[in-house]
$ cat run.txt   # compact mmCIF, C-alpha atoms
# COMPACT_ATOMS: atom_id res chain seq x y z
CA MET A 1 -184.83 182.20 140.40
CA THR A 2 -183.13 183.51 143.49
CA PRO A 3 -182.03 187.18 143.74
CA SER A 4 -178.40 186.28 143.10
CA HIS A 5 -179.29 184.54 139.89
CA PHE A 6 -181.52 187.43 138.93
CA ALA A 7 -178.62 189.83 139.50
CA PHE A 8 -176.11 188.25 137.18
CA THR A 9 -178.70 187.18 134.62
CA SER A 10 -180.06 190.68 134.26
CA ALA A 11 -176.50 192.05 134.15
CA PHE A 12 -175.76 189.66 131.30
CA MET A 13 -178.93 190.63 129.47
CA LEU A 14 -178.16 194.33 129.91
CA GLY A 15 -174.72 193.81 128.42
CA LEU A 16 -176.15 191.75 125.57
CA THR A 17 -178.82 194.28 124.60
CA GLY A 18 -176.31 197.09 124.92
CA LEU A 19 -173.95 195.20 122.61
CA ALA A 20 -176.64 194.37 120.09
CA LEU A 21 -178.51 197.67 119.88
CA HIS A 22 -177.61 201.26 119.04
CA ARG A 23 -173.85 201.37 119.35
CA TYR A 24 -171.97 204.35 117.96
CA HIS A 25 -168.44 203.40 118.93
CA LEU A 26 -166.57 200.14 118.71
CA LEU A 27 -165.06 200.86 122.11
CA SER A 28 -168.42 201.00 123.84
CA ALA A 29 -169.38 197.72 122.16
CA LEU A 30 -166.21 196.20 123.58
CA LEU A 31 -167.10 197.60 126.99
CA CYS A 32 -170.48 195.90 126.82
CA LEU A 33 -168.70 192.68 125.91
CA GLU A 34 -166.49 193.12 128.96
CA GLY A 35 -169.56 193.63 131.09
CA MET A 36 -170.94 190.33 129.80
CA MET A 37 -167.69 188.58 130.70
CA LEU A 38 -167.82 190.18 134.13
CA SER A 39 -171.31 188.84 134.70
CA LEU A 40 -170.12 185.39 133.62
CA PHE A 41 -167.32 185.70 136.18
CA ILE A 42 -169.93 186.50 138.80
CA ALA A 43 -171.97 183.51 137.67
CA LEU A 44 -169.06 181.08 137.93
CA SER A 45 -167.99 182.39 141.31
CA LEU A 46 -171.57 182.13 142.56
CA TRP A 47 -171.60 178.53 141.37
CA THR A 48 -168.56 177.94 143.52
CA LEU A 49 -169.82 179.76 146.56
CA GLN A 50 -173.40 178.60 146.60
CA LEU A 51 -172.67 174.93 146.09
CA ASP A 52 -169.64 175.03 148.44
CA SER A 53 -167.58 173.29 145.78
CA THR A 54 -164.33 175.09 146.38
CA CYS A 55 -162.47 172.97 143.84
CA PHE A 56 -164.38 174.85 141.19
CA SER A 57 -163.11 178.27 142.22
CA ALA A 58 -160.14 178.08 139.88
CA SER A 59 -162.47 178.36 136.91
CA PRO A 60 -163.39 182.05 137.41
CA MET A 61 -159.67 182.78 137.37
CA LEU A 62 -159.26 180.95 134.07
CA LEU A 63 -162.30 182.76 132.71
CA LEU A 64 -160.62 186.05 133.62
CA ALA A 65 -157.48 184.99 131.77
CA PHE A 66 -159.47 184.18 128.65
CA SER A 67 -161.48 187.38 128.87
CA ALA A 68 -158.20 189.29 129.07
CA CYS A 69 -157.29 187.61 125.77
CA GLU A 70 -160.63 188.63 124.29
CA ALA A 71 -160.28 192.22 125.45
CA SER A 72 -156.77 192.55 124.09
CA ALA A 73 -157.74 191.15 120.70
CA GLY A 74 -160.73 193.49 120.56
CA LEU A 75 -158.63 196.51 121.46
CA ALA A 76 -156.08 195.52 118.83
CA LEU A 77 -158.93 195.52 116.31
CA LEU A 78 -159.89 198.95 117.62
CA VAL A 79 -156.36 200.23 117.01
CA ALA A 80 -156.35 198.71 113.53
CA THR A 81 -159.71 200.34 112.76
CA ALA A 82 -158.47 203.70 113.99
CA ARG A 83 -155.46 203.39 111.72
CA THR A 84 -157.35 202.47 108.57
CA HIS A 85 -160.57 204.48 108.98
CA GLY A 86 -159.40 207.30 111.22
CA THR A 87 -162.32 206.74 113.57
CA ASP A 88 -164.01 203.90 115.37
CA HIS A 89 -167.62 204.60 114.49
CA LEU A 90 -169.45 201.44 113.64
CA GLN A 91 -171.18 203.28 110.81
CA SER A 92 -167.91 203.76 109.00
CA LEU A 93 -167.08 200.06 109.23
CA ASN A 94 -169.76 199.40 106.60
CA LEU A 95 -167.75 201.25 103.99
CA LEU A 96 -166.34 199.05 101.30
CA GLN A 97 -163.47 201.42 100.55
CA CYS A 98 -161.60 203.56 103.02
CA MET B 1 -178.53 191.01 156.70
CA CYS B 2 -181.11 189.96 154.16
CA PHE B 3 -182.45 193.49 153.97
CA ILE B 4 -178.93 194.82 153.44
CA MET B 5 -178.36 192.31 150.68
CA TYR B 6 -181.59 193.33 148.97
CA LEU B 7 -180.62 196.97 149.22
CA ILE B 8 -177.11 196.37 147.87
CA PHE B 9 -178.46 194.24 145.10
CA ILE B 10 -181.16 196.63 143.97
CA LEU B 11 -179.28 199.87 144.30
CA PHE B 12 -175.71 199.12 143.43
CA CYS B 13 -175.41 196.08 141.24
CA LEU B 14 -177.38 196.84 138.14
CA LYS B 15 -177.12 200.59 137.72
CA ASP B 16 -173.55 200.27 136.46
CA TRP B 17 -174.52 197.87 133.70
CA VAL B 18 -177.28 200.27 132.74
CA ALA B 19 -174.68 203.05 132.70
CA VAL B 20 -172.49 201.08 130.30
CA ALA B 21 -175.31 199.82 128.11
CA SER B 22 -177.08 203.13 127.64
CA ASN B 23 -174.59 204.25 124.99
CA PRO B 24 -172.79 207.26 126.41
CA SER B 25 -169.49 208.43 124.96
CA PRO B 26 -166.64 205.99 125.45
CA TYR B 27 -165.01 208.05 128.17
CA PHE B 28 -168.10 207.77 130.29
CA ALA B 29 -168.78 204.20 129.25
CA ALA B 30 -165.28 203.26 130.40
CA PHE B 31 -165.93 205.07 133.65
CA GLY B 32 -169.21 203.22 134.12
CA TRP B 33 -167.49 199.93 133.44
CA LEU B 34 -164.83 200.81 136.00
CA VAL B 35 -167.54 201.51 138.55
CA SER B 36 -169.29 198.27 137.69
CA CYS B 37 -166.06 196.35 138.26
CA CYS B 38 -165.22 197.81 141.60
CA SER B 39 -168.65 198.83 142.78
CA MET B 40 -169.52 198.28 146.37
CA GLY B 41 -172.54 196.30 145.25
CA TRP B 42 -170.67 193.32 143.94
CA TRP B 43 -168.15 193.54 146.74
CA GLY B 44 -170.94 193.26 149.25
CA PHE B 45 -172.44 190.54 147.11
CA TRP B 46 -169.27 188.46 147.15
CA LEU B 47 -168.49 189.16 150.76
CA GLY B 48 -172.00 188.20 151.70
CA HIS B 49 -171.61 184.91 149.85
CA GLY B 50 -168.27 184.28 151.52
CA GLY B 51 -165.82 184.75 148.67
CA PRO B 52 -163.49 187.68 149.38
CA PHE B 53 -160.56 186.37 147.37
CA LEU B 54 -162.40 186.34 144.06
CA SER B 55 -163.50 189.95 144.43
CA LEU B 56 -159.96 190.91 145.45
CA VAL B 57 -158.54 189.28 142.33
CA LEU B 58 -161.14 191.01 140.20
CA PHE B 59 -160.31 194.35 141.71
CA LEU B 60 -156.53 194.16 141.82
CA ILE B 61 -155.61 192.14 138.77
CA TYR B 62 -158.40 192.49 136.27
CA LEU B 63 -159.43 196.06 136.96
CA GLY B 64 -155.84 197.19 137.34
CA GLY B 65 -154.88 195.72 134.00
CA MET B 66 -157.98 196.52 132.01
CA LEU B 67 -158.44 200.03 133.30
CA VAL B 68 -155.10 201.16 131.92
CA VAL B 69 -155.81 199.60 128.55
CA PHE B 70 -159.35 200.92 128.20
CA ALA B 71 -158.43 204.39 129.41
CA TYR B 72 -155.64 204.46 126.87
CA SER B 73 -157.95 203.27 124.10
CA ALA B 74 -160.54 205.91 124.95
CA ALA B 75 -158.19 208.39 123.28
CA LEU B 76 -158.84 206.63 119.97
CA ALA B 77 -162.57 207.09 120.34
CA ALA B 78 -162.53 210.78 121.12
CA GLU B 79 -165.35 212.94 119.88
CA PRO B 80 -165.79 216.70 120.04
CA TYR B 81 -169.11 216.73 121.87
CA PRO B 82 -169.14 213.84 124.33
CA GLU B 83 -172.45 212.68 125.69
CA ALA B 84 -172.66 211.89 129.37
CA TRP B 85 -175.65 210.39 131.15
CA GLY B 86 -177.34 213.77 131.23
CA SER B 87 -177.92 214.18 127.51
CA TRP B 88 -181.26 213.18 126.11
CA PRO B 89 -180.66 210.03 124.02
CA VAL B 90 -178.65 208.48 126.84
CA VAL B 91 -181.35 209.40 129.35
CA VAL B 92 -183.98 207.73 127.17
CA HIS B 93 -181.92 204.56 126.92
CA MET B 94 -181.27 204.53 130.65
CA VAL B 95 -184.95 204.90 131.43
CA VAL B 96 -185.83 202.09 129.01
CA TYR B 97 -183.26 199.74 130.54
CA MET B 98 -184.28 200.64 134.08
CA VAL B 99 -187.91 199.93 133.27
CA GLY B 100 -186.86 196.60 131.76
CA VAL B 101 -184.95 195.63 134.90
CA VAL B 102 -187.81 196.66 137.15
CA LEU B 103 -190.31 194.67 135.05
CA ALA B 104 -188.11 191.59 135.24
CA PHE B 105 -187.82 192.19 138.97
CA VAL B 106 -191.60 192.31 139.27
CA VAL B 107 -191.92 189.09 137.28
CA PHE B 108 -189.23 187.10 139.07
CA GLY B 109 -189.10 188.83 142.42
CA GLY B 110 -192.56 187.95 143.59
CA VAL B 111 -191.60 184.59 144.99
CA TRP B 112 -188.59 185.75 146.97
CA TYR B 113 -188.48 185.53 150.69
CA GLU B 114 -185.75 185.55 153.29
CA SER B 115 -184.42 182.11 152.60
CA SER B 116 -183.71 183.09 149.02
CA TRP B 117 -180.39 184.25 150.44
CA VAL B 118 -179.68 180.83 151.85
CA SER B 119 -175.98 180.86 151.06
CA VAL B 120 -175.35 184.26 152.53
CA ASP B 121 -173.15 184.20 155.57
CA GLU B 122 -174.14 186.24 158.53
CA LEU B 123 -170.54 187.47 158.87
CA GLY B 124 -170.40 186.46 162.50
CA GLU B 125 -166.64 186.28 162.39
CA PHE B 126 -163.90 187.56 160.17
CA SER B 127 -161.62 184.96 158.72
CA VAL B 128 -158.79 185.44 156.27
CA PHE B 129 -158.67 181.96 154.83
CA ARG B 130 -161.90 181.21 153.08
CA GLY B 131 -162.72 178.32 150.80
CA ASP B 132 -162.25 180.20 147.57
CA ALA B 133 -158.62 181.04 148.34
CA GLY B 134 -157.94 177.35 148.89
CA GLY B 135 -159.78 176.48 145.71
CA VAL B 136 -157.79 178.94 143.65
CA ALA B 137 -154.63 177.42 145.05
CA LEU B 138 -155.68 174.16 143.41
CA MET B 139 -154.84 175.80 140.10
CA TYR B 140 -151.18 175.36 140.97
CA SER B 141 -151.33 171.72 141.91
CA SER B 142 -153.90 169.54 140.23
CA GLY B 143 -155.03 172.14 137.73
CA GLY B 144 -151.54 172.78 136.49
CA TRP B 145 -152.22 171.80 132.92
CA MET B 146 -154.99 174.34 132.68
CA LEU B 147 -152.64 176.97 134.07
CA ILE B 148 -150.09 176.13 131.39
CA ILE B 149 -152.78 176.23 128.70
CA SER B 150 -154.06 179.63 129.78
CA GLY B 151 -150.53 181.00 129.97
CA TRP B 152 -149.96 179.68 126.47
CA VAL B 153 -153.16 181.33 125.28
CA LEU B 154 -152.04 184.65 126.75
CA LEU B 155 -148.70 184.36 124.96
CA LEU B 156 -150.51 183.52 121.72
CA THR B 157 -152.72 186.58 122.18
CA LEU B 158 -149.63 188.73 122.43
CA PHE B 159 -148.57 187.65 118.94
CA VAL B 160 -152.13 188.08 117.66
CA VAL B 161 -152.15 191.66 118.92
CA LEU B 162 -148.75 192.36 117.42
CA GLU B 163 -149.84 191.01 114.05
CA LEU B 164 -153.13 192.92 114.11
CA THR B 165 -151.55 196.28 114.77
CA ARG B 166 -148.26 196.03 112.90
CA GLY B 167 -149.45 197.36 109.59
CA LEU B 168 -146.64 197.07 107.10
CA SER B 169 -146.89 194.93 104.04
CA ARG B 170 -147.61 191.80 106.07
CA GLY B 171 -150.19 190.94 108.68
CA ALA B 172 -153.82 191.86 109.04
CA LEU B 173 -153.46 195.57 108.39
CA ARG B 174 -152.06 196.16 104.92
CA ALA B 175 -153.72 199.44 103.98
CA VAL B 176 -151.46 201.53 106.18

$ encode --input "run.txt" --output "structure tokens"
Amino acid sequence: MTPSHFAFTSAFMLGLTGLALHRYHLLSALLCLEGMMLSLFIALSLWTLQLDSTCFSASPMLLLAFSACEASAGLALLVATARTHGTDHLQSLNLLQC
Amino acid sequence: MCFIMYLIFILFCLKDWVAVASNPSPYFAAFGWLVSCCSMGWWGFWLGHGGPFLSLVLFLIYLGGMLVVFAYSAALAAEPYPEAWGSWPVVVHMVVYMVGVVLAFVVFGGVWYESSWVSVDELGEFSVFRGDAGGVALMYSSGGWMLIISGWVLLLTLFVVLELTRGLSRGALRAV
């Protein structure tokens, strides 16, 4: 495992553990998800740059487009949660009745 | 150059992910994510690997779009006593994550030597046209179908967002 691979792998694992453990807010969970997508972007661009396969360098762009879709859907869910529950605490999402 | 890359990589790359993952208040988490997007660490990382166009796209397009949206949404997650990286639970989480990264570094970093950075340019000359800019331009010629598909997905996401947040008698949000 070279240092570059260690960098994006540990960034991905940091985002994953931050997403999985001890979140208070939905927004910070979405930010961890964005960090994971960012590390995947780094991984794909490193694939391009290290193997000198420049034909592949369109794929990080497409990954960014799809992660923009993911972020916008997540933020729309955040807005919907703020409208129904009045807050975005993940604790209050367990409630069966608002 | 290898020493500079090590320094950049250790100091700048991973602290921002730790800052996001250590559960501060969403204002500060959004700020940490902003710093992790545009941090000098990854810029040096990409420039050292010879891909300036990808980091430019990340900075201008992605950060410019997402920063507005996340900063706007931080108003929905406001709390009366926000916790920055100085308060105790966040400090504990940061220390735990830092220790985890350092342990993984000790495990995997023992076999590194100078040629681990084999793809790093020495930046002997500055050139505007690098290979990644040419590769991204392929998206407009032979990758055109994928461009159309991703544009279609973005348009579809617009309607998904409109349906999720509309909130009258139809759609996903019927309680309001």

$ interface_residues --input "run.txt" --of "chain A" --to "chain B" --cutoff "6 Å" --atoms "only C-alpha atoms" --output "PDB file with C-alpha atoms, in the frame of the given file"
ATOM      1  CA  THR A   2    -183.130 183.510 143.490  1.00  0.00           C
ATOM      2  CA  GLY A  18    -176.310 197.090 124.920  1.00  0.00           C
ATOM      3  CA  SER A  28    -168.420 201.000 123.840  1.00  0.00           C
ATOM      4  CA  GLN A  50    -173.400 178.600 146.600  1.00  0.00           C
ATOM      5  CA  THR A  54    -164.330 175.090 146.380  1.00  0.00           C
ATOM      6  CA  CYS A  55    -162.470 172.970 143.840  1.00  0.00           C
ATOM      7  CA  SER A  57    -163.110 178.270 142.220  1.00  0.00           C
ATOM      8  CA  ALA A  58    -160.140 178.080 139.880  1.00  0.00           C
ATOM      9  CA  CYS A  69    -157.290 187.610 125.770  1.00  0.00           C
ATOM     10  CA  ALA A  73    -157.740 191.150 120.700  1.00  0.00           C
ATOM     11  CA  ALA A  76    -156.080 195.520 118.830  1.00  0.00           C
ATOM     12  CA  ALA A  80    -156.350 198.710 113.530  1.00  0.00           C
TER      13      ALA A  80
END

$ atom_distance --input "run.txt" --atom1 "CA of Thr87 in chain A" --atom2 "CA of Leu64 in chain A"
28.9 Å

$ atom_distance --input "run.txt" --atom1 "CA of His22 in chain A" --atom2 "CA of Val106 in chain B"
26.2 Å

$ atom_distance --input "run.txt" --atom1 "CA of Ala71 in chain A" --atom2 "CA of Ala71 in chain B"
12.9 Å

$ closest_residue --input "run.txt" --among "A:Leu31, A:Phe8, A:Trp47, A:Phe41" --to "Gly74 in chain A" --atoms "only C-alpha atoms"
A:Leu31

$ residues_around --input "run.txt" --residues "Leu40 in chain A" --least-positions-apart "3" --cutoff "10 Å" --atoms "only C-alpha atoms" --output "ChimeraX atom specification"
/A:8-9,11-12,34-37,43-46,60,63-64

$ write_last_selection --input "run.txt" --atoms "C-alpha atoms" --output "mmCIF file, keeping the file's coordinate frame"
data_model
loop_
_atom_site.group_PDB
_atom_site.id
_atom_site.type_symbol
_atom_site.label_atom_id
_atom_site.label_comp_id
_atom_site.auth_asym_id
_atom_site.auth_seq_id
_atom_site.Cartn_x
_atom_site.Cartn_y
_atom_site.Cartn_z
ATOM 1 C CA PHE A 8 -176.110 188.250 137.180
ATOM 2 C CA THR A 9 -178.700 187.180 134.620
ATOM 3 C CA ALA A 11 -176.500 192.050 134.150
ATOM 4 C CA PHE A 12 -175.760 189.660 131.300
ATOM 5 C CA GLU A 34 -166.490 193.120 128.960
ATOM 6 C CA GLY A 35 -169.560 193.630 131.090
ATOM 7 C CA MET A 36 -170.940 190.330 129.800
ATOM 8 C CA MET A 37 -167.690 188.580 130.700
ATOM 9 C CA ALA A 43 -171.970 183.510 137.670
ATOM 10 C CA LEU A 44 -169.060 181.080 137.930
ATOM 11 C CA SER A 45 -167.990 182.390 141.310
ATOM 12 C CA LEU A 46 -171.570 182.130 142.560
ATOM 13 C CA PRO A 60 -163.390 182.050 137.410
ATOM 14 C CA LEU A 63 -162.300 182.760 132.710
ATOM 15 C CA LEU A 64 -160.620 186.050 133.620
#

$ residues_around --input "run.txt" --residues "Asp88 in chain A" --least-positions-apart "5" --cutoff "8 Å" --atoms "all atoms listed in the file" --output "PDB file with C-alpha atoms, in the coordinates of the input"
ATOM      1  CA  HIS A  25    -168.440 203.400 118.930  1.00  0.00           C
ATOM      2  CA  LEU A  26    -166.570 200.140 118.710  1.00  0.00           C
ATOM      3  CA  LEU A  27    -165.060 200.860 122.110  1.00  0.00           C
ATOM      4  CA  LEU A  78    -159.890 198.950 117.620  1.00  0.00           C
ATOM      5  CA  THR A  81    -159.710 200.340 112.760  1.00  0.00           C
ATOM      6  CA  ALA A  82    -158.470 203.700 113.990  1.00  0.00           C
ATOM      7  CA  LEU A  93    -167.080 200.060 109.230  1.00  0.00           C
TER       8      LEU A  93
ATOM      9  CA  LEU B  76    -158.840 206.630 119.970  1.00  0.00           C
ATOM     10  CA  ALA B  77    -162.570 207.090 120.340  1.00  0.00           C
TER      11      ALA B  77
END

$ build_atoms --input "run.txt" --residues "range 53-71 of chain A" --atoms "N, CA and C atoms" --output "PDB file, in the coordinates of the input"
ATOM      1  N   SER A  53    -168.548 174.139 146.455  1.00  0.00           N
ATOM      2  CA  SER A  53    -167.580 173.290 145.780  1.00  0.00           C
ATOM      3  C   SER A  53    -166.347 174.135 145.505  1.00  0.00           C
ATOM      4  N   THR A  54    -165.449 174.165 146.476  1.00  0.00           N
ATOM      5  CA  THR A  54    -164.330 175.090 146.380  1.00  0.00           C
ATOM      6  C   THR A  54    -163.305 174.651 145.349  1.00  0.00           C
ATOM      7  N   CYS A  55    -163.374 173.392 144.902  1.00  0.00           N
ATOM      8  CA  CYS A  55    -162.470 172.970 143.840  1.00  0.00           C
ATOM      9  C   CYS A  55    -162.757 173.716 142.548  1.00  0.00           C
ATOM     10  N   PHE A  56    -163.980 174.217 142.425  1.00  0.00           N
ATOM     11  CA  PHE A  56    -164.380 174.850 141.190  1.00  0.00           C
ATOM     12  C   PHE A  56    -163.927 176.297 141.120  1.00  0.00           C
ATOM     13  N   SER A  57    -163.360 176.831 142.190  1.00  0.00           N
ATOM     14  CA  SER A  57    -163.110 178.270 142.220  1.00  0.00           C
ATOM     15  C   SER A  57    -161.877 178.666 141.435  1.00  0.00           C
ATOM     16  N   ALA A  58    -161.200 177.693 140.810  1.00  0.00           N
ATOM     17  CA  ALA A  58    -160.140 178.080 139.880  1.00  0.00           C
ATOM     18  C   ALA A  58    -160.710 178.507 138.544  1.00  0.00           C
ATOM     19  N   SER A  59    -161.923 178.068 138.238  1.00  0.00           N
ATOM     20  CA  SER A  59    -162.470 178.360 136.910  1.00  0.00           C
ATOM     21  C   SER A  59    -162.815 179.828 136.690  1.00  0.00           C
ATOM     22  N   PRO A  60    -163.270 180.619 137.689  1.00  0.00           N
ATOM     23  CA  PRO A  60    -163.390 182.050 137.410  1.00  0.00           C
ATOM     24  C   PRO A  60    -162.068 182.721 137.091  1.00  0.00           C
ATOM     25  N   MET A  61    -160.988 182.226 137.692  1.00  0.00           N
ATOM     26  CA  MET A  61    -159.670 182.780 137.370  1.00  0.00           C
ATOM     27  C   MET A  61    -159.313 182.522 135.908  1.00  0.00           C
ATOM     28  N   LEU A  62    -159.575 181.282 135.456  1.00  0.00           N
ATOM     29  CA  LEU A  62    -159.260 180.950 134.070  1.00  0.00           C
ATOM     30  C   LEU A  62    -160.153 181.718 133.118  1.00  0.00           C
ATOM     31  N   LEU A  63    -161.401 181.949 133.536  1.00  0.00           N
ATOM     32  CA  LEU A  63    -162.300 182.760 132.710  1.00  0.00           C
ATOM     33  C   LEU A  63    -161.771 184.187 132.595  1.00  0.00           C
ATOM     34  N   LEU A  64    -161.198 184.707 133.678  1.00  0.00           N
ATOM     35  CA  LEU A  64    -160.620 186.050 133.620  1.00  0.00           C
ATOM     36  C   LEU A  64    -159.433 186.094 132.684  1.00  0.00           C
ATOM     37  N   ALA A  65    -158.629 185.027 132.688  1.00  0.00           N
ATOM     38  CA  ALA A  65    -157.480 184.990 131.770  1.00  0.00           C
ATOM     39  C   ALA A  65    -157.960 185.013 130.325  1.00  0.00           C
ATOM     40  N   PHE A  66    -158.986 184.221 130.027  1.00  0.00           N
ATOM     41  CA  PHE A  66    -159.470 184.180 128.650  1.00  0.00           C
ATOM     42  C   PHE A  66    -160.173 185.472 128.261  1.00  0.00           C
ATOM     43  N   SER A  67    -160.837 186.114 129.233  1.00  0.00           N
ATOM     44  CA  SER A  67    -161.480 187.380 128.870  1.00  0.00           C
ATOM     45  C   SER A  67    -160.447 188.484 128.696  1.00  0.00           C
ATOM     46  N   ALA A  68    -159.281 188.346 129.355  1.00  0.00           N
ATOM     47  CA  ALA A  68    -158.200 189.290 129.070  1.00  0.00           C
ATOM     48  C   ALA A  68    -157.713 189.118 127.637  1.00  0.00           C
ATOM     49  N   CYS A  69    -157.655 187.859 127.177  1.00  0.00           N
ATOM     50  CA  CYS A  69    -157.290 187.610 125.770  1.00  0.00           C
ATOM     51  C   CYS A  69    -158.299 188.250 124.834  1.00  0.00           C
ATOM     52  N   GLU A  70    -159.574 188.072 125.147  1.00  0.00           N
ATOM     53  CA  GLU A  70    -160.630 188.630 124.290  1.00  0.00           C
ATOM     54  C   GLU A  70    -160.560 190.146 124.251  1.00  0.00           C
ATOM     55  N   ALA A  71    -160.337 190.760 125.407  1.00  0.00           N
ATOM     56  CA  ALA A  71    -160.280 192.220 125.450  1.00  0.00           C
ATOM     57  C   ALA A  71    -159.081 192.748 124.681  1.00  0.00           C
TER      58      ALA A  71
END
